[in-house]
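What follows is a set of notes on a single structure, which appears directly below.
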Amino acid sequence: MNPSSITVSRAGAVATVTLARPGVRNAFDAATIAALHAAFIELGVQAQVRVIVLAAEGPAFCAGADLNWMRAMAGYSEAENREDAMQLARMLRAVAECPKPVIARVQGDAFGGGVGLVAACDLAAAAAPARFCLSEVKLGLIPATIAPYVLRAMGARAAQRYTLTAEVFSAATAQQHGLVHEVAADAAQLDAQVQQWCAALQAASPQALAAAKRLLADVAARHVNEALLADTAERIAQARASDDGREGIAAFLQRRKPSWANT
């Protein structure tokens with residue numbers, strides 16, 4: 001990991017990945033993308049990590065693409081641009097498909113790819129002054145790699161408006177359209193919300209959380225047919241027979257906390 005791009009810390013079972021380029025409003029460059037990808041892959045397999053918080057230093061959460069990085073891309077060949085874009089796409093997928101629940105702590109503005117980063121997280125809380133913008137079309141670009149996550153978070157109709165107009169919208173509007181789940185009046189309330197979610201997630205089975213994330217991703221766009229019924233029935237059967245499933249049911253019947261609640 002590039003220590004100038006991000007920092008990674010852990011307090012108990014909660015790991016925090018922090019964008020650490022406040023001087024450029026935490027904009028992406030190749031090193032930052034690589035560091036984020038590596039961090040989420042590594043944290044995703046660490047048993048002692050139960051929850052990941054994605055945060056940022058300074059007044060902005062993420063301003064999208066770094067200007068110097070964009071200047072370099074202007075001289076890339078089509079093949080080089082394709083590979084460069086794939087690195088960003090793989091990083092976003094690493095966040096979205098991380099087996100640990102990921103919380104975005106959005107303390108400031110998220111523009112361009114920063115919106116995609118928020119959308120790739122499982123839960124998002126934003127400070128009231130934070131602003132959001134899908135700004136790509138103003139630059140002659142399109143929000144291609146972030147589109148799957150933005151569409152999932154905001155829905156097609158809202159995504160269509162803000163992608164085409166590149167309007168800046170508020171945290172309250174982001175909440176209205178599902179991009180963020182909660183809006184906090186100040187930093188203290190933002191931290192309190194994140195801590196509340198961390199506590200709730202640590203009360204749940206780690207195996208079940210990972211399986212639930214896969215379930216939601218897999219069934220989101222599927223029609224309810226016999227194949228889907230069979231798939232979901234198989235998943236709950238596996239969950240019931242799993243170690244965490246057996247422990248969770250036993251703990252409920254015995255009126256005690258499950259084993260994972262004590263870790």
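A note on labels: chains of the structure tokens are A, B, ... as shown, every chain counts residues from 1, and ligands are counted from 1 in their shown order.
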Find the spatial neighbours of Thr32 in chain A, counting only C-alpha atoms, within a cut-off of 12 Å - ignore same-chain residues fewer than 6 positions away - and output them as a short mmCIF file (atom, residue, chain, number, x, y, z; two decimals) with all heavy atoms, in the first residue's frame.
data_model
loop_
_atom_site.label_atom_id
_atom_site.label_comp_id
_atom_site.auth_asym_id
_atom_site.auth_seq_id
_atom_site.Cartn_x
_atom_site.Cartn_y
_atom_site.Cartn_z
N MET A 1 0.83 -1.18 0.00
CA MET A 1 0.00 0.00 0.00
C MET A 1 0.88 1.25 0.00
O MET A 1 1.94 1.28 0.60
CB MET A 1 -0.90 0.01 1.24
CG MET A 1 -1.84 -1.18 1.34
SD MET A 1 -2.79 -1.11 2.88
CE MET A 1 -3.39 -2.79 2.94
N ASN A 2 0.42 2.29 -0.64
CA ASN A 2 1.13 3.56 -0.67
C ASN A 2 0.67 4.40 0.51
O ASN A 2 -0.46 4.86 0.54
CB ASN A 2 0.82 4.28 -1.99
CG ASN A 2 1.58 5.58 -2.12
OD1 ASN A 2 2.14 6.10 -1.15
ND2 ASN A 2 1.62 6.13 -3.32
N PRO A 3 1.54 4.59 1.52
CA PRO A 3 1.09 5.30 2.72
C PRO A 3 0.67 6.73 2.46
O PRO A 3 -0.03 7.34 3.27
CB PRO A 3 2.32 5.22 3.64
CG PRO A 3 3.48 5.02 2.73
CD PRO A 3 2.95 4.20 1.60
N SER A 4 1.10 7.31 1.33
CA SER A 4 0.69 8.68 1.02
C SER A 4 -0.71 8.73 0.41
O SER A 4 -1.29 9.79 0.29
CB SER A 4 1.69 9.33 0.08
OG SER A 4 1.69 8.68 -1.18
N SER A 5 -1.24 7.60 -0.01
CA SER A 5 -2.55 7.55 -0.65
C SER A 5 -3.66 7.23 0.34
O SER A 5 -4.71 7.85 0.32
CB SER A 5 -2.56 6.51 -1.78
OG SER A 5 -1.66 6.86 -2.80
N ILE A 6 -3.44 6.22 1.17
CA ILE A 6 -4.43 5.80 2.14
C ILE A 6 -3.73 5.41 3.44
O ILE A 6 -2.53 5.18 3.46
CB ILE A 6 -5.28 4.61 1.66
CG1 ILE A 6 -4.43 3.34 1.57
CG2 ILE A 6 -5.96 4.91 0.34
CD1 ILE A 6 -5.24 2.07 1.34
N THR A 7 -4.50 5.34 4.51
CA THR A 7 -4.03 4.74 5.75
C THR A 7 -5.02 3.66 6.14
O THR A 7 -6.21 3.74 5.81
CB THR A 7 -3.90 5.77 6.89
OG1 THR A 7 -5.20 6.31 7.20
CG2 THR A 7 -2.96 6.89 6.52
N VAL A 17 -10.29 2.30 6.62
CA VAL A 17 -9.48 2.66 5.46
C VAL A 17 -9.74 4.13 5.18
O VAL A 17 -10.89 4.53 4.93
CB VAL A 17 -9.84 1.80 4.23
CG1 VAL A 17 -9.03 2.23 3.01
CG2 VAL A 17 -9.64 0.33 4.52
N THR A 18 -8.69 4.94 5.23
CA THR A 18 -8.86 6.39 5.12
C THR A 18 -8.14 6.92 3.89
O THR A 18 -6.93 6.71 3.73
CB THR A 18 -8.33 7.10 6.37
OG1 THR A 18 -8.98 6.58 7.53
CG2 THR A 18 -8.59 8.60 6.30
N LEU A 19 -8.87 7.61 3.03
CA LEU A 19 -8.26 8.32 1.91
C LEU A 19 -7.43 9.46 2.50
O LEU A 19 -7.95 10.28 3.26
CB LEU A 19 -9.33 8.87 0.98
CG LEU A 19 -10.20 7.82 0.28
CD1 LEU A 19 -11.42 8.47 -0.36
CD2 LEU A 19 -9.41 7.06 -0.75
N ALA A 20 -6.16 9.52 2.15
CA ALA A 20 -5.24 10.42 2.83
C ALA A 20 -4.52 11.35 1.87
O ALA A 20 -3.30 11.53 1.94
CB ALA A 20 -4.24 9.60 3.64
N ARG A 21 -5.27 11.94 0.96
CA ARG A 21 -4.71 12.93 0.05
C ARG A 21 -5.53 14.22 0.12
O ARG A 21 -6.09 14.68 -0.89
CB ARG A 21 -4.69 12.39 -1.39
CG ARG A 21 -3.99 11.05 -1.55
CD ARG A 21 -3.98 10.61 -3.01
NE ARG A 21 -3.02 11.39 -3.77
CZ ARG A 21 -3.23 11.82 -5.03
NH1 ARG A 21 -4.39 11.59 -5.63
NH2 ARG A 21 -2.31 12.49 -5.67
N VAL A 24 -5.39 17.22 -2.46
CA VAL A 24 -6.03 17.13 -3.79
C VAL A 24 -7.47 16.61 -3.63
O VAL A 24 -8.01 15.99 -4.52
CB VAL A 24 -5.23 16.25 -4.77
CG1 VAL A 24 -3.92 16.93 -5.14
CG2 VAL A 24 -4.98 14.87 -4.18
N ASN A 26 -8.62 14.24 -1.97
CA ASN A 26 -8.66 12.78 -1.99
C ASN A 26 -9.04 12.22 -3.36
O ASN A 26 -9.74 11.20 -3.47
CB ASN A 26 -9.63 12.27 -0.92
CG ASN A 26 -9.15 12.63 0.47
OD1 ASN A 26 -8.00 12.37 0.83
ND2 ASN A 26 -9.99 13.27 1.26
N ALA A 38 -5.87 -3.22 -2.90
CA ALA A 38 -5.10 -4.12 -2.04
C ALA A 38 -5.67 -4.15 -0.63
O ALA A 38 -5.79 -5.22 -0.01
CB ALA A 38 -3.64 -3.69 -2.01
N ALA A 39 -6.06 -2.99 -0.10
CA ALA A 39 -6.57 -2.92 1.27
C ALA A 39 -7.84 -3.74 1.42
O ALA A 39 -7.99 -4.50 2.40
CB ALA A 39 -6.83 -1.46 1.65
N CYS A 62 -14.07 12.62 -1.62
CA CYS A 62 -13.32 12.20 -2.82
C CYS A 62 -13.79 13.02 -4.01
O CYS A 62 -14.99 13.03 -4.32
CB CYS A 62 -13.49 10.72 -3.09
SG CYS A 62 -12.62 10.14 -4.57
N GLY A 64 -13.07 12.53 -7.14
CA GLY A 64 -13.03 11.82 -8.42
C GLY A 64 -11.60 11.67 -8.90
O GLY A 64 -10.70 11.35 -8.12
N ALA A 65 -11.37 11.91 -10.18
CA ALA A 65 -10.05 11.68 -10.78
C ALA A 65 -9.09 12.83 -10.50
O ALA A 65 -9.47 14.00 -10.59
CB ALA A 65 -10.19 11.47 -12.28
N ASP A 66 -7.87 12.49 -10.17
CA ASP A 66 -6.81 13.46 -9.95
C ASP A 66 -6.45 14.13 -11.28
O ASP A 66 -6.36 13.48 -12.32
CB ASP A 66 -5.59 12.73 -9.39
CG ASP A 66 -4.42 13.64 -9.15
OD1 ASP A 66 -3.61 13.80 -10.09
OD2 ASP A 66 -4.31 14.21 -8.06
N TRP A 69 -3.36 12.80 -13.01
CA TRP A 69 -3.66 11.49 -13.56
C TRP A 69 -4.43 11.64 -14.87
O TRP A 69 -4.17 10.94 -15.86
CB TRP A 69 -4.45 10.68 -12.53
CG TRP A 69 -4.75 9.26 -12.89
CD1 TRP A 69 -3.91 8.34 -13.42
CD2 TRP A 69 -6.00 8.59 -12.70
NE1 TRP A 69 -4.55 7.14 -13.59
CE2 TRP A 69 -5.82 7.27 -13.15
CE3 TRP A 69 -7.24 8.99 -12.19
CZ2 TRP A 69 -6.86 6.34 -13.11
CZ3 TRP A 69 -8.26 8.06 -12.14
CH2 TRP A 69 -8.07 6.75 -12.60
N GLN A 87 -8.43 -1.09 -13.85
CA GLN A 87 -7.92 -1.03 -12.48
C GLN A 87 -8.93 -0.36 -11.56
O GLN A 87 -9.17 -0.82 -10.43
CB GLN A 87 -6.59 -0.27 -12.45
CG GLN A 87 -5.47 -0.92 -13.24
CD GLN A 87 -5.18 -2.35 -12.78
OE1 GLN A 87 -5.16 -2.63 -11.58
NE2 GLN A 87 -4.98 -3.25 -13.72
N LEU A 88 -9.55 0.72 -12.02
CA LEU A 88 -10.59 1.38 -11.23
C LEU A 88 -11.80 0.46 -11.06
O LEU A 88 -12.36 0.35 -9.97
CB LEU A 88 -11.02 2.69 -11.91
CG LEU A 88 -12.17 3.45 -11.26
CD1 LEU A 88 -11.86 3.80 -9.81
CD2 LEU A 88 -12.49 4.72 -12.06
N MET A 91 -11.07 -2.18 -8.50
CA MET A 91 -11.06 -1.64 -7.14
C MET A 91 -12.48 -1.47 -6.62
O MET A 91 -12.80 -1.86 -5.49
CB MET A 91 -10.32 -0.30 -7.11
CG MET A 91 -10.26 0.34 -5.72
SD MET A 91 -11.70 1.39 -5.34
CE MET A 91 -11.31 2.83 -6.33
#
Kindly provide the residues of range 164-239 of chain A that approach range 246-261 of chain A to within 7 Å, each paired with its closest atom pair and their distance in Å to one decimal, based on only C-alpha atoms, listed by chain and increasing number, as a Markdown table.
| residue | atom | partner | partner_atom | distance |
| --- | --- | --- | --- | --- |
| A:Gln202 | CA | A:Ala261 | CA | 6.7 |
| A:Ala203 | CA | A:Ala261 | CA | 5.2 |
| A:Ser205 | CA | A:Trp260 | CA | 6.4 |
Which residues are close to Ala47 in chain A, i.e. within 12 Å by only C-alpha atoms, leaving aside same-chain residues fewer than 6 positions away? Reply as a PyMOL selection string. chain A and resi 12-15+99-100+206-207+260+263
Filtering to C-alpha atoms, could you give me those residues as a PDB file, in the first residue's frame?
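Once everything was written out, this is again32.pdb:
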ATOM      1  CA  GLY A  12     -10.933  -4.133  17.806  1.00  0.00           C
ATOM      2  CA  ALA A  13     -12.874  -5.777  14.989  1.00  0.00           C
ATOM      3  CA  VAL A  14     -13.381  -2.537  13.031  1.00  0.00           C
ATOM      4  CA  ALA A  15     -10.853  -1.614  10.337  1.00  0.00           C
ATOM      5  CA  PRO A  99     -17.134 -10.271   2.343  1.00  0.00           C
ATOM      6  CA  LYS A 100     -17.067  -7.815   5.255  1.00  0.00           C
ATOM      7  CA  PRO A 206     -19.859 -13.001   9.996  1.00  0.00           C
ATOM      8  CA  GLN A 207     -20.752 -15.977   7.791  1.00  0.00           C
ATOM      9  CA  TRP A 260     -19.522 -14.352  17.528  1.00  0.00           C
ATOM     10  CA  THR A 263     -15.414 -11.775  19.764  1.00  0.00           C
TER      11      THR A 263
END
Can you list every residue of range 43-158 of chain A that has an atom at most 10 Å from range 180-188 of chain A, with its nearest atom pair and the distance in Å to one decimal, using only C-alpha atoms, ordered by chain then number, as a tab-separated table?
residue	atom	partner	partner_atom	distance
A:Ala104	CA	A:Val180	CA	8.7
A:Arg105	CA	A:Val180	CA	9.8
A:Val106	CA	A:Val180	CA	8.9
A:Gln107	CA	A:Ala187	CA	7.3
A:Val118	CA	A:Val180	CA	7.8
A:Ala119	CA	A:Val180	CA	7.9
A:Cys121	CA	A:Val180	CA	9.6
A:Asp122	CA	A:Val180	CA	9.6
A:Leu123	CA	A:His181	CA	6.6
A:Ala124	CA	A:Val180	CA	4.7
A:Ala125	CA	A:Glu182	CA	4.7
A:Ala126	CA	A:Val183	CA	4.9
A:Ala127	CA	A:Ala184	CA	4.8
A:Ala128	CA	A:Ala185	CA	5.4
A:Pro129	CA	A:Ala185	CA	8.1
A:Ala130	CA	A:Val183	CA	9.2
A:Ala153	CA	A:Val180	CA	8.2
A:Met154	CA	A:Val180	CA	9.0
Skip Ala110 in chain A itself and residues of its chain fewer than 3 positions away, then list as JSON, numbers by chain all residues within 9 Å of it, counting only C-alpha atoms. {"A": [60, 61, 62, 63, 64, 106, 113, 114, 115, 116, 117, 118, 130, 131, 132, 133, 134]}
Hey, what does DSSP flag as alpha helix (DSSP H) within range 76-117 of chain A? Can you give it to me as a VMD selection string? chain A and resid 78 to 96 113 to 117
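What separates CA of Leu54 in chain A from CA of Ile103 in chain A is a distance of 6.0 Å.
The space separating CA of Ala30 in chain A from CA of Ala94 in chain A comes to 15.4 Å.
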Could you tell me how far CA of Asp109 in chain A lies from CA of Ala96 in chain A, in Å and to one decimal? 20.4 Å
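Every residue of range 81-230 of chain A found in strand (DSSP E) when DSSP is run on the backbone appears here: Val102, Ile103, Ala104, Arg105, Val106, Asp109, Ala110, Phe111, Leu123, Ala124, Ala125, Ala126, Ala127, Arg131, Phe132, Cys133, Val168, Phe169, Ser170, Glu182, Val183 and Ala184 of chain A.
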If we count only C-alpha atoms and set the cut-off at 12 Å, which residues sit around range 215-220 of chain A, ignoring sequence neighbours fewer than 2 positions away in its own chain? Please answer as a PyMOL selection string. chain A and resi 93+96-99+120+122+148-149+151-153+155+208-213+222-225+227-236+239
Only N, CA, C and O atoms, please: the residues just picked out, written as a CSV table (one decimal), in the first residue's frame.
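Result file part_31.csv:
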chain,number,residue,atom,x,y,z
A,93,ARG,N,-15.1,-3.1,-7.5
A,93,ARG,CA,-15.6,-4.4,-7.3
A,93,ARG,C,-15.1,-5.0,-6.0
A,93,ARG,O,-15.8,-5.7,-5.2
A,96,ALA,N,-17.2,-3.4,-3.3
A,96,ALA,CA,-18.6,-3.9,-3.3
A,96,ALA,C,-18.7,-5.4,-2.9
A,96,ALA,O,-19.7,-5.8,-2.3
A,97,GLU,N,-17.8,-6.2,-3.4
A,97,GLU,CA,-17.8,-7.6,-3.1
A,97,GLU,C,-17.0,-8.1,-1.9
A,97,GLU,O,-16.9,-9.3,-1.7
A,98,CYS,N,-16.5,-7.2,-1.2
A,98,CYS,CA,-15.8,-7.5,0.1
A,98,CYS,C,-16.7,-8.3,1.0
A,98,CYS,O,-17.8,-7.9,1.2
A,99,PRO,N,-16.3,-9.5,1.5
A,99,PRO,CA,-17.1,-10.3,2.3
A,99,PRO,C,-17.5,-9.6,3.7
A,99,PRO,O,-18.4,-10.1,4.4
A,120,ALA,N,-20.6,2.0,-3.9
A,120,ALA,CA,-20.1,0.6,-3.8
A,120,ALA,C,-20.1,0.1,-2.4
A,120,ALA,O,-20.0,-1.1,-2.2
A,122,ASP,N,-21.7,-0.8,1.4
A,122,ASP,CA,-23.0,-1.3,1.8
A,122,ASP,C,-23.9,-0.3,2.6
A,122,ASP,O,-25.1,-0.3,2.4
A,148,PRO,N,-22.6,0.6,-12.5
A,148,PRO,CA,-23.4,-0.5,-11.9
A,148,PRO,C,-23.7,-0.2,-10.4
A,148,PRO,O,-24.8,-0.5,-9.9
A,149,TYR,N,-22.8,0.5,-9.7
A,149,TYR,CA,-23.0,0.8,-8.3
A,149,TYR,C,-24.0,2.0,-8.1
A,149,TYR,O,-24.8,2.0,-7.2
A,151,LEU,N,-26.3,2.9,-10.2
A,151,LEU,CA,-27.7,2.5,-10.5
A,151,LEU,C,-28.3,1.7,-9.4
A,151,LEU,O,-29.5,1.8,-9.1
A,152,ARG,N,-27.5,0.8,-8.8
A,152,ARG,CA,-28.0,0.0,-7.7
A,152,ARG,C,-28.4,0.8,-6.5
A,152,ARG,O,-29.4,0.5,-5.9
A,153,ALA,N,-27.6,1.8,-6.3
A,153,ALA,CA,-27.9,2.7,-5.1
A,153,ALA,C,-29.0,3.7,-5.3
A,153,ALA,O,-29.9,3.8,-4.5
A,155,GLY,N,-31.1,4.0,-8.2
A,155,GLY,CA,-32.2,3.6,-9.1
A,155,GLY,C,-32.0,4.3,-10.5
A,155,GLY,O,-31.3,5.3,-10.6
A,208,ALA,N,-23.0,-15.2,8.0
A,208,ALA,CA,-24.3,-14.8,7.4
A,208,ALA,C,-24.2,-13.4,6.7
A,208,ALA,O,-24.9,-13.2,5.7
A,209,LEU,N,-23.4,-12.5,7.2
A,209,LEU,CA,-23.3,-11.2,6.6
A,209,LEU,C,-22.6,-11.4,5.2
A,209,LEU,O,-23.1,-10.8,4.2
A,210,ALA,N,-21.6,-12.2,5.1
A,210,ALA,CA,-21.0,-12.4,3.8
A,210,ALA,C,-21.9,-13.1,2.8
A,210,ALA,O,-22.0,-12.7,1.6
A,211,ALA,N,-22.7,-14.1,3.3
A,211,ALA,CA,-23.7,-14.8,2.5
A,211,ALA,C,-24.8,-13.9,2.1
A,211,ALA,O,-25.3,-13.9,0.9
A,212,ALA,N,-25.2,-13.0,3.0
A,212,ALA,CA,-26.3,-12.1,2.7
A,212,ALA,C,-25.9,-11.1,1.6
A,212,ALA,O,-26.7,-10.7,0.7
A,213,LYS,N,-24.6,-10.6,1.7
A,213,LYS,CA,-24.1,-9.7,0.6
A,213,LYS,C,-24.2,-10.4,-0.7
A,213,LYS,O,-24.6,-9.8,-1.7
A,222,ARG,N,-32.8,-10.4,-10.9
A,222,ARG,CA,-33.4,-11.7,-11.5
A,222,ARG,C,-34.9,-11.7,-11.4
A,222,ARG,O,-35.5,-11.2,-10.4
A,223,HIS,N,-35.5,-12.4,-12.3
A,223,HIS,CA,-37.0,-12.6,-12.3
A,223,HIS,C,-37.3,-13.8,-11.3
A,223,HIS,O,-36.5,-14.7,-11.1
A,224,VAL,N,-38.4,-13.6,-10.7
A,224,VAL,CA,-38.8,-14.7,-9.7
A,224,VAL,C,-39.4,-15.9,-10.6
A,224,VAL,O,-40.5,-15.8,-11.1
A,225,ASN,N,-38.6,-16.9,-10.7
A,225,ASN,CA,-38.9,-18.1,-11.5
A,225,ASN,C,-38.5,-19.3,-10.7
A,225,ASN,O,-37.9,-19.2,-9.6
A,227,ALA,N,-36.0,-21.2,-11.2
A,227,ALA,CA,-34.5,-21.2,-11.0
A,227,ALA,C,-34.2,-20.4,-9.7
A,227,ALA,O,-33.3,-20.8,-8.9
A,228,LEU,N,-34.8,-19.2,-9.6
A,228,LEU,CA,-34.5,-18.3,-8.5
A,228,LEU,C,-35.0,-19.0,-7.2
A,228,LEU,O,-34.4,-18.9,-6.2
A,229,LEU,N,-36.2,-19.6,-7.2
A,229,LEU,CA,-36.7,-20.2,-6.1
A,229,LEU,C,-35.8,-21.3,-5.6
A,229,LEU,O,-35.5,-21.4,-4.4
A,230,ALA,N,-35.3,-22.1,-6.5
A,230,ALA,CA,-34.4,-23.2,-6.2
A,230,ALA,C,-33.0,-22.6,-5.6
A,230,ALA,O,-32.5,-23.2,-4.6
A,231,ASP,N,-32.6,-21.5,-6.2
A,231,ASP,CA,-31.3,-20.9,-5.8
A,231,ASP,C,-31.5,-20.4,-4.3
A,231,ASP,O,-30.6,-20.7,-3.5
A,232,THR,N,-32.5,-19.7,-4.1
A,232,THR,CA,-32.7,-19.1,-2.7
A,232,THR,C,-33.0,-20.2,-1.7
A,232,THR,O,-32.5,-20.1,-0.5
A,233,ALA,N,-33.7,-21.2,-2.1
A,233,ALA,CA,-33.9,-22.3,-1.1
A,233,ALA,C,-32.6,-23.0,-0.8
A,233,ALA,O,-32.4,-23.4,0.4
A,234,GLU,N,-31.8,-23.2,-1.8
A,234,GLU,CA,-30.5,-23.8,-1.5
A,234,GLU,C,-29.6,-23.0,-0.6
A,234,GLU,O,-28.9,-23.5,0.3
A,235,ARG,N,-29.7,-21.7,-0.8
A,235,ARG,CA,-28.9,-20.8,0.0
A,235,ARG,C,-29.3,-20.8,1.5
A,235,ARG,O,-28.5,-20.9,2.4
A,236,ILE,N,-30.6,-20.8,1.8
A,236,ILE,CA,-31.1,-20.9,3.2
A,236,ILE,C,-30.8,-22.2,3.8
A,236,ILE,O,-30.5,-22.4,5.0
A,239,ALA,N,-27.3,-22.1,4.8
A,239,ALA,CA,-27.1,-21.3,6.0
A,239,ALA,C,-27.5,-22.0,7.3
A,239,ALA,O,-26.9,-21.9,8.3
